[in-house]
Amino acid sequence: MPTHTPSFPDLLFDDAARLRRWETLLMTHLGAAGYRELLPSLVMRNPDNPSTVRFFDGDQLVALRWDFTEALARTLVRRFQEPPSRLSYAGPVFRRPANSWDPVERIEVGCERIQVDRAERSEADRELAQLLMAVPALLGLEGCLLHLGHGALLRRPLEAEGIPADLGLEVARVLDRRAIHRAAELLEGLPARARLLAHAEVLLSGPDGPGCLAALAHSPYGSLLEAEAEQLARVCAGLAGHLPPGLTLRLDLGDLRGMGYYTGPTLRLWAPGAQRELAAGGRYDGLYPDLGRPWFAAGFCVRLTTLLELAQTKEGAL
Amino acid sequence: MNAVKPLLIALPKGRLEEELLPRLRGTAFELDARALKSRRLRIPMADPGLEAILLKGADLPRYVAGGVAALGVVGSDILDECPVELMELSDLNFGVCRLSLCAPDHTSLEQLKARPHLRIATKFLGATGRWLRAQGITAELVPLQSSVELAPVLGLADAIVDLVQSGKTLLAHHLVELTQLGKASARLVACRGLFLSEPERIGPLARGLTGLLRVPE
């Protein structure tokens, strides 16, 4: 009998039905807000990331779609002079996970807002945050947490100290694991070590809430990060005013995942007992300029595969 | 009414266990002595809401990363060999060892580098591979799980990379440390999902364990 590979899970009846129901709910939710679906090809060219599923198409190396945002961006810069402002997507992405037992094939639903005018960014961020905050109730989830972070809280001090980009990303990776002792090892021998570690202590120590941002003022980079602290305080107050019942907002200054990608505040949706965040997003204004277009973009995706895992462990919860 | 399931804490068997268990005595994390003497691997703790599972170090990170155990104590040598997604909350600073390249007496590092077909026996394939790449050395890695010191003595390898604590085992096999690749010590780890989605439940336990177990530098 052939051996089944769990990296590419088959979804049998109940799971398939759940998946379709959630996909319909979310796409209807996004459609009602004016988001139109774009379905980029399942095959992407020029894969330079080793975590993708790559194969040869004739003499060309290609990969299965590893990320919707990048796939959408490649399509849009090729086909549009002026970008559509609201996009949605649904389907699988294929990426090798950190844990070898997790699936390579994952199903996502998400959305993106693109702006040509810098001044429209705040309004777009507010709209996306409100759409994301409505997701737990749509899916029947209770007791969820919304983590608000900002990668620039580490990126700007690293840049100010002239830390090489590769080392900076490695420091962000270990601090995202809350392993400040590993950061101490990585920064060994650098003149800025003590300052950066004192700052990392502030990022990882909490407490959650307004005190968290007040503590940032006592960091060695407090004055450098005044604008980011003010932005977070503003976003926090704005979100708190629109939080639906049952959803708790939590400042997480140690959320440094995606520091090299996100350019503004980030949001991650957690449900009690979930192994991974159910949804994540933020602003990534560097993406389109890297592809030659002066556009600004933000978005989020909901990870339906994570939701399925949660449903399987918490029977009756979803 | 559903009873709340006890929260599992994964503790290592072997080298770290001997240093760890005495530190838990008289606390909410103390392991039930009778269960500990039995063959059970799931041991109640003094706090009825907690249970310990005793695991081999190499398996422990998977139990934590998979969300079976909320917290765990494991050596950094194991973590460096096991690329899983978890939180590494604290260097507990006990069970401290050196990860070293060792070879028979009177062998120098230069002599090893000059060998046309250098063979290094080790359990730590990841850390050894990373060190070799950084040094620009080509070698064949001979994967072994235990009694690595025998490999150069019996001619299976030219050198070994292994954990060294006192150096007595090396001495008994006429081996010497040529260079140190890194340091290993016990770490407190947490399941990323539980740590971030249930901070009020996991955070205080993690702080409590760190307070009990961390040895001041």
# chains A, B, ... in the order shown; residues from 1 in each chain; ligands from 1
$ residues_around --residues "Gly66 in chain B" --least-positions-apart "5" --cutoff "9 Å" --atoms "only C-alpha atoms" --output "mmCIF file with N, CA and C atoms, in the first residue's frame"
data_model
loop_
_atom_site.group_PDB
_atom_site.id
_atom_site.type_symbol
_atom_site.label_atom_id
_atom_site.label_comp_id
_atom_site.auth_asym_id
_atom_site.auth_seq_id
_atom_site.Cartn_x
_atom_site.Cartn_y
_atom_site.Cartn_z
ATOM 1 N N ASN A 99 8.481 23.275 11.703
ATOM 2 C CA ASN A 99 8.355 21.950 12.325
ATOM 3 C C ASN A 99 8.119 20.926 11.212
ATOM 4 N N TRP A 101 6.805 18.149 11.003
ATOM 5 C CA TRP A 101 5.538 17.406 10.962
ATOM 6 C C TRP A 101 4.362 18.282 10.512
ATOM 7 N N GLN A 275 -1.886 26.379 17.957
ATOM 8 C CA GLN A 275 -0.434 26.227 17.890
ATOM 9 C C GLN A 275 0.219 27.368 17.107
ATOM 10 N N PRO B 61 11.950 18.581 22.689
ATOM 11 C CA PRO B 61 11.492 19.775 21.960
ATOM 12 C C PRO B 61 10.255 19.518 21.105
ATOM 13 N N GLU B 85 9.828 25.003 16.131
ATOM 14 C CA GLU B 85 9.367 26.341 16.462
ATOM 15 C C GLU B 85 8.900 26.364 17.909
ATOM 16 N N LEU B 86 9.696 26.951 18.788
ATOM 17 C CA LEU B 86 9.256 27.118 20.172
ATOM 18 C C LEU B 86 9.888 28.354 20.780
ATOM 19 N N CYS B 191 5.889 26.178 24.537
ATOM 20 C CA CYS B 191 5.151 26.038 23.284
ATOM 21 C C CYS B 191 4.753 27.447 22.813
#
$ select_by_dssp --residues "range 40-268 of chain A" --states "alpha helix (DSSP H)" --output "JSON, numbers by chain"
{"A": [68, 69, 70, 71, 72, 73, 74, 75, 76, 77, 78, 79, 121, 122, 123, 124, 125, 126, 127, 128, 129, 130, 131, 132, 133, 135, 136, 137, 138, 139, 152, 153, 154, 155, 156, 157, 158, 159, 160, 165, 166, 167, 168, 169, 170, 171, 172, 173, 174, 175, 176, 180, 181, 182, 183, 184, 185, 186, 193, 194, 195, 196, 197, 198, 199, 200, 201, 202, 203, 204, 205, 210, 211, 212, 213, 214, 215, 216, 226, 227, 228, 229, 230, 231, 232, 233, 234, 235, 236, 237, 238, 239, 240]}
$ select_by_dssp --residues "range 60-274 of chain A" --states "strand (DSSP E or B)" --output "VMD selection string"
chain A and resid 60 to 64 86 to 95 105 to 115 144 to 150 247 to 251 265 to 270
$ closest_residue --among "A:Arg276, A:Arg193, A:His218, A:Arg303" --to "chain B" --atoms "only C-alpha atoms"
A:Arg276
$ interface_residues --of "chain B" --to "chain A" --cutoff "6 Å" --atoms "only C-alpha atoms" --output "number ranges by chain"
B: 84-85, 87-89, 193-194, 197-198
$ atom_distance --atom1 "CA of Arg283 in chain A" --atom2 "CA of Ala297 in chain A"
6.1 Å
$ atom_distance --atom1 "CA of Ala215 in chain A" --atom2 "CA of Val202 in chain A"
6.6 Å
$ atom_distance --atom1 "CA of Glu123 in chain A" --atom2 "CA of Asp290 in chain A"
23.5 Å
$ residues_around --residues "range 204-209 of chain B" --least-positions-apart "3" --cutoff "10 Å" --atoms "only C-alpha atoms" --output "list of chain:residue names"
B:Ile9, B:Arg23, B:Leu24, B:Thr27, B:Ala28, B:Phe29, B:Leu50, B:Ala70, B:Leu71, B:Gly72, B:Val73, B:Leu89, B:Ser90, B:Leu92, B:Leu188, B:Val189, B:Ala190, B:Phe195, B:Pro199, B:Glu200, B:Arg201, B:Leu212, B:Leu213, B:Arg214
